[in-house]
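Shown next: upload_21.cif, given as mmCIF, C-alpha atoms; chains and numbers go by the auth columns.
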```
data_my_file
#
loop_
_atom_site.group_PDB
_atom_site.id
_atom_site.type_symbol
_atom_site.label_atom_id
_atom_site.label_comp_id
_atom_site.label_asym_id
_atom_site.label_seq_id
_atom_site.Cartn_x
_atom_site.Cartn_y
_atom_site.Cartn_z
_atom_site.B_iso_or_equiv
_atom_site.auth_seq_id
_atom_site.auth_asym_id
ATOM 1 C CA ALA A 1 22.659 3.450 4.563 0.00 261 A
ATOM 2 C CA GLN A 2 20.312 0.937 3.071 0.00 262 A
ATOM 3 C CA LYS A 3 20.908 -0.783 -0.242 0.00 263 A
ATOM 4 C CA ILE A 4 19.065 -3.383 -2.298 0.00 264 A
ATOM 5 C CA THR A 5 20.804 -5.304 -5.074 0.00 265 A
ATOM 6 C CA GLN A 6 19.108 -7.294 -7.804 0.00 266 A
ATOM 7 C CA THR A 7 21.716 -8.809 -10.092 0.00 267 A
ATOM 8 C CA GLN A 8 19.427 -10.303 -12.724 0.00 268 A
ATOM 9 C CA PRO A 9 18.293 -7.629 -15.195 0.00 269 A
ATOM 10 C CA GLY A 10 16.254 -10.160 -17.162 0.00 270 A
ATOM 11 C CA MET A 11 15.176 -13.767 -16.873 0.00 271 A
ATOM 12 C CA PHE A 12 13.250 -16.288 -18.925 0.00 272 A
ATOM 13 C CA VAL A 13 11.224 -19.149 -17.525 0.00 273 A
ATOM 14 C CA GLN A 14 9.060 -21.772 -19.146 0.00 274 A
ATOM 15 C CA GLU A 15 5.379 -21.703 -18.292 0.00 275 A
ATOM 16 C CA LYS A 16 4.507 -23.954 -15.330 0.00 276 A
ATOM 17 C CA GLU A 17 8.099 -24.063 -14.090 0.00 277 A
ATOM 18 C CA ALA A 18 9.417 -22.433 -10.924 0.00 278 A
ATOM 19 C CA VAL A 19 11.738 -19.443 -10.975 0.00 279 A
ATOM 20 C CA THR A 20 13.875 -17.698 -8.359 0.00 280 A
ATOM 21 C CA LEU A 21 14.556 -13.971 -8.464 0.00 281 A
ATOM 22 C CA ASP A 22 17.570 -12.874 -6.451 0.00 282 A
ATOM 23 C CA CYS A 23 17.724 -10.027 -3.965 0.00 283 A
ATOM 24 C CA THR A 24 20.440 -9.092 -1.522 0.00 284 A
ATOM 25 C CA TYR A 25 20.274 -6.220 0.909 0.00 285 A
ATOM 26 C CA ASP A 26 22.538 -4.217 3.125 0.00 286 A
ATOM 27 C CA THR A 27 21.564 -2.425 6.294 0.00 287 A
ATOM 28 C CA SER A 28 22.950 -1.881 9.762 0.00 288 A
ATOM 29 C CA ASP A 29 19.457 -1.748 11.240 0.00 289 A
ATOM 30 C CA GLN A 30 18.270 -4.801 13.121 0.00 290 A
ATOM 31 C CA SER A 31 14.595 -4.201 12.477 0.00 291 A
ATOM 32 C CA TYR A 32 13.538 -4.003 8.869 0.00 292 A
ATOM 33 C CA GLY A 33 11.053 -5.321 6.380 0.00 293 A
ATOM 34 C CA LEU A 34 11.602 -6.817 2.952 0.00 294 A
ATOM 35 C CA PHE A 35 9.051 -6.627 0.177 0.00 295 A
ATOM 36 C CA TRP A 36 8.553 -7.832 -3.337 0.00 296 A
ATOM 37 C CA TYR A 37 6.478 -5.936 -5.855 0.00 297 A
ATOM 38 C CA LYS A 38 5.386 -6.775 -9.376 0.00 298 A
ATOM 39 C CA GLN A 39 5.142 -4.016 -11.952 0.00 299 A
ATOM 40 C CA PRO A 40 3.334 -4.862 -15.203 0.00 300 A
ATOM 41 C CA SER A 41 3.789 -2.675 -18.239 0.00 301 A
ATOM 42 C CA SER A 42 0.859 -0.559 -17.032 0.00 302 A
ATOM 43 C CA GLY A 43 3.130 0.821 -14.318 0.00 303 A
ATOM 44 C CA GLU A 44 1.217 0.037 -11.149 0.00 304 A
ATOM 45 C CA MET A 45 3.182 -1.610 -8.347 0.00 305 A
ATOM 46 C CA ILE A 46 1.466 -4.721 -7.054 0.00 306 A
ATOM 47 C CA PHE A 47 2.411 -6.012 -3.611 0.00 307 A
ATOM 48 C CA LEU A 48 3.376 -9.684 -3.605 0.00 308 A
ATOM 49 C CA ILE A 49 4.949 -10.665 -0.300 0.00 309 A
ATOM 50 C CA TYR A 50 6.493 -9.310 2.903 0.00 310 A
ATOM 51 C CA GLN A 51 9.128 -10.649 5.305 0.00 311 A
ATOM 52 C CA GLY A 52 9.995 -9.052 8.621 0.00 312 A
ATOM 53 C CA SER A 53 13.542 -9.267 9.895 0.00 313 A
ATOM 54 C CA TYR A 54 12.420 -11.068 13.041 0.00 314 A
ATOM 55 C CA ASP A 55 10.182 -13.541 11.259 0.00 315 A
ATOM 56 C CA GLU A 56 11.675 -16.973 11.674 0.00 316 A
ATOM 57 C CA GLN A 57 9.639 -18.650 8.984 0.00 317 A
ATOM 58 C CA ASN A 58 9.829 -17.803 5.316 0.00 318 A
ATOM 59 C CA ALA A 59 6.809 -15.888 4.069 0.00 319 A
ATOM 60 C CA THR A 60 4.452 -17.482 1.572 0.00 320 A
ATOM 61 C CA GLU A 61 1.549 -16.028 -0.388 0.00 321 A
ATOM 62 C CA GLY A 62 -0.054 -18.461 -2.794 0.00 322 A
ATOM 63 C CA ARG A 63 2.458 -19.188 -5.567 0.00 323 A
ATOM 64 C CA TYR A 64 4.966 -16.749 -4.075 0.00 324 A
ATOM 65 C CA SER A 65 7.435 -17.567 -1.367 0.00 325 A
ATOM 66 C CA LEU A 66 10.316 -15.600 0.021 0.00 326 A
ATOM 67 C CA ASN A 67 13.551 -17.459 0.745 0.00 327 A
ATOM 68 C CA PHE A 68 14.918 -15.380 3.619 0.00 328 A
ATOM 69 C CA GLN A 69 18.530 -16.026 4.628 0.00 329 A
ATOM 70 C CA LYS A 70 19.324 -13.417 7.231 0.00 330 A
ATOM 71 C CA ALA A 71 23.001 -14.259 7.702 0.00 331 A
ATOM 72 C CA ARG A 72 23.571 -13.951 3.964 0.00 332 A
ATOM 73 C CA LYS A 73 21.320 -10.877 3.759 0.00 333 A
ATOM 74 C CA SER A 74 19.339 -12.356 0.937 0.00 334 A
ATOM 75 C CA ALA A 75 15.599 -12.361 0.276 0.00 335 A
ATOM 76 C CA ASN A 76 14.966 -14.270 -2.920 0.00 336 A
ATOM 77 C CA LEU A 77 11.503 -14.513 -4.429 0.00 337 A
ATOM 78 C CA VAL A 78 10.376 -17.922 -5.625 0.00 338 A
ATOM 79 C CA ILE A 79 7.459 -18.127 -8.033 0.00 339 A
ATOM 80 C CA SER A 80 6.103 -21.623 -8.443 0.00 340 A
ATOM 81 C CA ALA A 81 4.195 -22.832 -11.496 0.00 341 A
ATOM 82 C CA SER A 82 4.865 -19.725 -13.600 0.00 342 A
ATOM 83 C CA GLN A 83 2.017 -18.325 -15.653 0.00 343 A
ATOM 84 C CA LEU A 84 2.077 -16.103 -18.733 0.00 344 A
ATOM 85 C CA GLY A 85 0.591 -13.320 -16.627 0.00 345 A
ATOM 86 C CA ASP A 86 3.678 -13.361 -14.427 0.00 346 A
ATOM 87 C CA SER A 87 5.665 -11.621 -17.171 0.00 347 A
ATOM 88 C CA ALA A 88 6.549 -8.257 -15.633 0.00 348 A
ATOM 89 C CA MET A 89 9.219 -6.321 -13.753 0.00 349 A
ATOM 90 C CA TYR A 90 9.836 -7.471 -10.202 0.00 350 A
ATOM 91 C CA PHE A 91 11.264 -5.210 -7.544 0.00 351 A
ATOM 92 C CA CYS A 92 12.721 -6.071 -4.185 0.00 352 A
ATOM 93 C CA ALA A 93 12.377 -3.336 -1.570 0.00 353 A
ATOM 94 C CA MET A 94 13.310 -2.681 2.033 0.00 354 A
ATOM 95 C CA SER A 95 12.226 -0.354 4.781 0.00 355 A
ATOM 96 C CA VAL A 96 13.636 0.057 8.259 0.00 356 A
ATOM 97 C CA LEU A 97 12.298 0.784 11.707 0.00 357 A
ATOM 98 C CA TYR A 98 10.887 4.305 12.171 0.00 358 A
ATOM 99 C CA ASN A 99 11.003 4.885 8.437 0.00 359 A
ATOM 100 C CA PHE A 100 8.595 2.215 7.365 0.00 360 A
ATOM 101 C CA ASN A 101 7.165 4.187 4.504 0.00 361 A
ATOM 102 C CA LYS A 102 10.515 5.087 2.965 0.00 362 A
ATOM 103 C CA PHE A 103 11.236 2.220 0.628 0.00 363 A
ATOM 104 C CA TYR A 104 14.609 1.439 -0.878 0.00 364 A
ATOM 105 C CA PHE A 105 14.175 -0.378 -4.161 0.00 365 A
ATOM 106 C CA GLY A 106 16.440 -2.600 -6.179 0.00 366 A
ATOM 107 C CA SER A 107 16.922 -2.081 -9.894 0.00 367 A
ATOM 108 C CA GLY A 108 14.435 -4.774 -10.760 0.00 368 A
ATOM 109 C CA THR A 109 14.333 -8.026 -12.736 0.00 369 A
ATOM 110 C CA LYS A 110 12.376 -8.343 -15.976 0.00 370 A
ATOM 111 C CA LEU A 111 10.758 -11.764 -16.022 0.00 371 A
ATOM 112 C CA ASN A 112 9.529 -13.266 -19.275 0.00 372 A
ATOM 113 C CA VAL A 113 7.396 -16.401 -19.127 0.00 373 A
ATOM 114 C CA LYS A 114 7.525 -18.455 -22.306 0.00 374 A
ATOM 115 C CA PRO A 115 4.560 -20.597 -23.424 0.00 375 A
ATOM 116 C CA LYS B 1 -12.816 -0.075 -1.230 0.00 253 B
ATOM 117 C CA ALA B 2 -11.313 2.171 -3.897 0.00 254 B
ATOM 118 C CA GLY B 3 -7.571 1.991 -4.416 0.00 255 B
ATOM 119 C CA VAL B 4 -5.045 4.782 -4.629 0.00 256 B
ATOM 120 C CA THR B 5 -5.849 7.145 -7.471 0.00 257 B
ATOM 121 C CA GLN B 6 -3.500 9.505 -9.240 0.00 258 B
ATOM 122 C CA THR B 7 -4.333 12.301 -11.606 0.00 259 B
ATOM 123 C CA PRO B 8 -3.552 13.006 -14.293 0.00 260 B
ATOM 124 C CA ARG B 9 -2.287 9.709 -15.672 0.00 261 B
ATOM 125 C CA TYR B 10 -0.273 11.332 -18.432 0.00 262 B
ATOM 126 C CA LEU B 11 1.202 14.793 -18.711 0.00 263 B
ATOM 127 C CA ILE B 12 3.363 16.568 -21.238 0.00 264 B
ATOM 128 C CA LYS B 13 5.158 19.760 -20.275 0.00 265 B
ATOM 129 C CA THR B 14 8.023 21.843 -21.602 0.00 266 B
ATOM 130 C CA ARG B 15 11.225 22.802 -19.857 0.00 267 B
ATOM 131 C CA GLY B 16 10.858 25.623 -17.400 0.00 268 B
ATOM 132 C CA GLN B 17 7.196 25.006 -16.690 0.00 269 B
ATOM 133 C CA GLN B 18 5.853 23.738 -13.421 0.00 270 B
ATOM 134 C CA VAL B 19 3.538 20.823 -12.790 0.00 271 B
ATOM 135 C CA THR B 20 1.259 19.598 -10.007 0.00 272 B
ATOM 136 C CA LEU B 21 0.386 15.938 -9.554 0.00 273 B
ATOM 137 C CA SER B 22 -2.371 14.666 -7.320 0.00 274 B
ATOM 138 C CA CYS B 23 -2.752 11.518 -5.250 0.00 275 B
ATOM 139 C CA SER B 24 -5.838 10.346 -3.379 0.00 276 B
ATOM 140 C CA PRO B 25 -5.031 7.598 -0.866 0.00 277 B
ATOM 141 C CA ILE B 26 -7.200 4.700 0.131 0.00 278 B
ATOM 142 C CA SER B 27 -9.972 5.840 2.443 0.00 279 B
ATOM 143 C CA GLY B 28 -8.711 5.925 6.018 0.00 280 B
ATOM 144 C CA HIS B 29 -5.051 5.940 5.084 0.00 281 B
ATOM 145 C CA ARG B 30 -3.123 8.824 6.557 0.00 282 B
ATOM 146 C CA SER B 31 0.325 8.331 5.078 0.00 283 B
ATOM 147 C CA VAL B 32 1.187 9.194 1.483 0.00 284 B
ATOM 148 C CA SER B 33 4.609 8.647 -0.051 0.00 285 B
ATOM 149 C CA TRP B 34 5.883 9.720 -3.449 0.00 286 B
ATOM 150 C CA TYR B 35 8.434 7.996 -5.665 0.00 287 B
ATOM 151 C CA GLN B 36 10.096 8.870 -8.952 0.00 288 B
ATOM 152 C CA GLN B 37 10.859 6.075 -11.394 0.00 289 B
ATOM 153 C CA THR B 38 13.260 6.616 -14.290 0.00 290 B
ATOM 154 C CA PRO B 39 15.133 4.118 -16.479 0.00 291 B
ATOM 155 C CA GLY B 40 18.463 5.479 -15.317 0.00 292 B
ATOM 156 C CA GLN B 41 17.928 5.973 -11.583 0.00 293 B
ATOM 157 C CA GLY B 42 15.231 3.430 -10.915 0.00 294 B
ATOM 158 C CA LEU B 43 12.749 3.990 -8.116 0.00 295 B
ATOM 159 C CA GLN B 44 13.686 6.770 -5.732 0.00 296 B
ATOM 160 C CA PHE B 45 11.864 8.031 -2.673 0.00 297 B
ATOM 161 C CA LEU B 46 10.785 11.657 -2.861 0.00 298 B
ATOM 162 C CA PHE B 47 8.936 12.343 0.385 0.00 299 B
ATOM 163 C CA GLU B 48 6.286 11.115 2.776 0.00 300 B
ATOM 164 C CA TYR B 49 3.408 13.002 4.328 0.00 301 B
ATOM 165 C CA PHE B 50 1.485 11.971 7.404 0.00 302 B
ATOM 166 C CA SER B 51 -1.366 13.999 8.862 0.00 303 B
ATOM 167 C CA GLU B 52 -0.466 17.006 6.723 0.00 304 B
ATOM 168 C CA THR B 53 3.178 17.011 7.834 0.00 305 B
ATOM 169 C CA GLN B 54 6.193 16.011 5.837 0.00 306 B
ATOM 170 C CA ARG B 55 7.669 13.172 7.840 0.00 307 B
ATOM 171 C CA ASN B 56 10.460 12.046 5.567 0.00 308 B
ATOM 172 C CA LYS B 57 12.333 13.395 2.589 0.00 309 B
ATOM 173 C CA GLY B 58 14.585 11.921 -0.074 0.00 310 B
ATOM 174 C CA ASN B 59 17.528 13.496 -1.842 0.00 311 B
ATOM 175 C CA PHE B 60 15.835 15.671 -4.394 0.00 312 B
ATOM 176 C CA PRO B 61 16.353 19.380 -5.096 0.00 313 B
ATOM 177 C CA GLY B 62 14.026 21.987 -3.684 0.00 314 B
ATOM 178 C CA ARG B 63 12.199 22.181 -7.019 0.00 315 B
ATOM 179 C CA PHE B 64 10.318 19.118 -5.816 0.00 316 B
ATOM 180 C CA SER B 65 7.790 19.884 -3.133 0.00 317 B
ATOM 181 C CA GLY B 66 4.606 18.436 -1.793 0.00 318 B
ATOM 182 C CA ARG B 67 1.780 18.888 0.604 0.00 319 B
ATOM 183 C CA GLN B 68 -1.030 16.948 2.169 0.00 320 B
ATOM 184 C CA PHE B 69 -4.526 18.123 2.884 0.00 321 B
ATOM 185 C CA SER B 70 -6.762 17.384 5.837 0.00 322 B
ATOM 186 C CA ASN B 71 -8.544 14.652 3.853 0.00 323 B
ATOM 187 C CA SER B 72 -5.122 12.980 3.310 0.00 324 B
ATOM 188 C CA ARG B 73 -5.052 13.785 -0.388 0.00 325 B
ATOM 189 C CA SER B 74 -1.589 14.814 -1.446 0.00 326 B
ATOM 190 C CA GLU B 75 -0.094 16.884 -4.203 0.00 327 B
ATOM 191 C CA MET B 76 3.438 17.138 -5.417 0.00 328 B
ATOM 192 C CA ASN B 77 4.780 20.051 -7.379 0.00 329 B
ATOM 193 C CA VAL B 78 7.809 20.293 -9.591 0.00 330 B
ATOM 194 C CA SER B 79 8.906 23.776 -10.580 0.00 331 B
ATOM 195 C CA THR B 80 11.221 24.822 -13.402 0.00 332 B
ATOM 196 C CA LEU B 81 10.968 21.465 -15.120 0.00 333 B
ATOM 197 C CA GLU B 82 14.053 19.871 -16.616 0.00 334 B
ATOM 198 C CA LEU B 83 14.302 17.132 -19.231 0.00 335 B
ATOM 199 C CA GLY B 84 15.552 14.763 -16.530 0.00 336 B
ATOM 200 C CA ASP B 85 12.294 15.136 -14.630 0.00 337 B
ATOM 201 C CA SER B 86 10.599 12.957 -17.232 0.00 338 B
ATOM 202 C CA ALA B 87 9.536 9.940 -15.219 0.00 339 B
ATOM 203 C CA LEU B 88 6.758 7.854 -13.807 0.00 340 B
ATOM 204 C CA TYR B 89 5.684 9.363 -10.495 0.00 341 B
ATOM 205 C CA LEU B 90 4.126 6.887 -8.120 0.00 342 B
ATOM 206 C CA CYS B 91 2.359 7.586 -4.909 0.00 343 B
ATOM 207 C CA ALA B 92 1.626 5.058 -2.209 0.00 344 B
ATOM 208 C CA SER B 93 -0.592 5.140 0.830 0.00 345 B
ATOM 209 C CA SER B 94 -0.589 3.251 4.075 0.00 346 B
ATOM 210 C CA LEU B 95 -2.771 3.275 7.150 0.00 347 B
ATOM 211 C CA GLN B 96 -0.497 4.714 9.817 0.00 348 B
ATOM 212 C CA GLY B 97 3.033 4.073 8.709 0.00 349 B
ATOM 213 C CA THR B 98 3.963 2.860 12.166 0.00 350 B
ATOM 214 C CA SER B 99 4.449 -0.768 11.273 0.00 351 B
ATOM 215 C CA ALA B 100 6.059 -2.555 8.393 0.00 352 B
ATOM 216 C CA ASN B 101 2.898 -3.271 6.481 0.00 353 B
ATOM 217 C CA GLU B 102 2.931 -2.882 2.762 0.00 354 B
ATOM 218 C CA GLN B 103 2.184 0.330 1.013 0.00 355 B
ATOM 219 C CA PHE B 104 -0.504 0.400 -1.645 0.00 356 B
ATOM 220 C CA PHE B 105 0.617 2.052 -4.832 0.00 357 B
ATOM 221 C CA GLY B 106 -1.373 4.041 -7.321 0.00 358 B
ATOM 222 C CA PRO B 107 -1.138 3.616 -11.116 0.00 359 B
ATOM 223 C CA GLY B 108 1.286 6.515 -11.451 0.00 360 B
ATOM 224 C CA THR B 109 1.483 9.717 -13.454 0.00 361 B
ATOM 225 C CA ARG B 110 3.747 9.572 -16.465 0.00 362 B
ATOM 226 C CA LEU B 111 5.350 12.980 -16.962 0.00 363 B
ATOM 227 C CA THR B 112 7.132 13.848 -20.175 0.00 364 B
ATOM 228 C CA VAL B 113 9.193 17.027 -20.320 0.00 365 B
ATOM 229 C CA LEU B 114 10.000 18.315 -23.803 0.00 366 B
#
```
Could you rewrite the structure in this file as structure tokens?
Amino acid sequence: AQKITQTQPGMFVQEKEAVTLDCTYDTSDQSYGLFWYKQPSSGEMIFLIYQGSYDEQNATEGRYSLNFQKARKSANLVISASQLGDSAMYFCAMSVLYNFNKFYFGSGTKLNVKP
Amino acid sequence: KAGVTQTPRYLIKTRGQQVTLSCSPISGHRSVSWYQQTPGQGLQFLFEYFSETQRNKGNFPGRFSGRQFSNSRSEMNVSTLELGDSALYLCASSLQGTSANEQFFGPGTRLTVL
């Protein structure tokens, strides 16, 4: 079975500072993908970044980077230079080979960016 | 290119009624997945449809059903509504679903059961 754990229910960060959101996962599959989504109060899930299990380099997308440590089964999201618009819920998700469209989500982290 | 659309955006029903939610995927996308989001259970996978066939199913009772049409639009139906069915229902579409590309989510339908 697949499981995603996010241990930080809420976090505060000062504007312009960097913040790391934690995510650990559990799966016996060797081929899987890890995703981060942002969910503003409007409800829509916005894709941020993706990391494949065989990708050797950490994924980066603009101000977002994914710190992938396969041996530790962790996939932390790093947001650099936080902006007020980054305040939202953040979800870590995973899918596995042959079930790529069945996502397992963590419980989410509520990020608040302070001016 | 238009994104994933869901209708209606908000819905209020009473216990025992049934409800149908609609999802129109991004043009060209053939896979549609549905998720339920509640404060208590978080985001849970309901089912996935690909080319009008249910390809994957989560652990929900038979009251939850869905279908997909030839134009890839999908509907989900919940019969005999219960208070616990109050949730945000999200649908997501992807091109083929054969590689680990991201799914594109719609804005969701917020269902309230009274």
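Restricting the calculation to only C-alpha atoms, the smallest distance between Ser331 in chain B and any of B:Arg315, B:His281, B:Arg267, B:Arg261 is found for B:Arg315.
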Practice task
Determine which residues of chain B sit within 12 Å of chain A, taking into account all atoms listed in the file, and present them as a PyMOL selection string.
Solution key: chain B and resi 255-258+261-262+282-302+306-311+339-362
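The coordinates place CA of Thr259 in chain B at 6.3 Å from CA of Leu273 in chain B.
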Practice task
Would you please work out which residue, of B:Ser276, B:Thr305, B:Thr266, B:Thr364, is nearest to Glu327 in chain B when using all atoms listed in the file?
Solution key: B:Ser276
Practice task
Given the file shown, enumerate the residues that the PyMOL selection byres ((chain A and resi 345) around 10) captures and present them as a list in words.
Solution key: Glu275, Pro300, Ser342, Gln343, Leu344, Asp346, Ser347, Ala348, Asn372 and Val373 of chain A
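Atom to atom, CA of Gly280 in chain B and CA of Ser324 in chain B stand 8.4 Å apart.
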Please return as a PDB file with C-alpha atoms, in the coordinates of the input every residue within 12 Å of (-3.1, 21.9, -0.7), taking into account all atoms listed in the file and the file's own coordinates.
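Dumped to result-v6.pdb:
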```
ATOM      1  CA  THR B 272       1.259  19.598 -10.007  1.00  0.00           C
ATOM      2  CA  LEU B 273       0.386  15.938  -9.554  1.00  0.00           C
ATOM      3  CA  SER B 274      -2.371  14.666  -7.320  1.00  0.00           C
ATOM      4  CA  CYS B 275      -2.752  11.518  -5.250  1.00  0.00           C
ATOM      5  CA  GLU B 304      -0.466  17.006   6.723  1.00  0.00           C
ATOM      6  CA  THR B 305       3.178  17.011   7.834  1.00  0.00           C
ATOM      7  CA  SER B 317       7.790  19.884  -3.133  1.00  0.00           C
ATOM      8  CA  GLY B 318       4.606  18.436  -1.793  1.00  0.00           C
ATOM      9  CA  ARG B 319       1.780  18.888   0.604  1.00  0.00           C
ATOM     10  CA  GLN B 320      -1.030  16.948   2.169  1.00  0.00           C
ATOM     11  CA  PHE B 321      -4.526  18.123   2.884  1.00  0.00           C
ATOM     12  CA  SER B 322      -6.762  17.384   5.837  1.00  0.00           C
ATOM     13  CA  ASN B 323      -8.544  14.652   3.853  1.00  0.00           C
ATOM     14  CA  SER B 324      -5.122  12.980   3.310  1.00  0.00           C
ATOM     15  CA  ARG B 325      -5.052  13.785  -0.388  1.00  0.00           C
ATOM     16  CA  SER B 326      -1.589  14.814  -1.446  1.00  0.00           C
ATOM     17  CA  GLU B 327      -0.094  16.884  -4.203  1.00  0.00           C
ATOM     18  CA  MET B 328       3.438  17.138  -5.417  1.00  0.00           C
ATOM     19  CA  ASN B 329       4.780  20.051  -7.379  1.00  0.00           C
TER      20      ASN B 329
END
```
Practice task
Please indicate the distance in Å from CA of Thr320 in chain A to CA of Tyr285 in chain A, rounded to one decimal place.
Solution key: 19.4 Å
Problem - Output check: residues returned by the PyMOL selection byres ((chain A and resi 286) around 8), as a PyMOL selection string - result: chain A and resi 261-264+284-285+287-288+333
Practice task
Apply the PyMOL selection byres ((chain A and resi 267) around 9) to the structure shown and report the selected residues as a ChimeraX atom specification.
Solution key: /A:265-266,268-269,281-284,367-369
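Counting all atoms listed in the file, the residue from A:Pro375, A:Thr280, A:Phe272, A:Ala341 that sits nearest to Asn327 in chain A is A:Thr280.
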Problem - range 322-325 of chain A environment, 6 Å, all atoms listed in the file, sequence neighbours closer than 5 positions dropped, as an MDAnalysis selection string - result: chainID A and resid 337:340
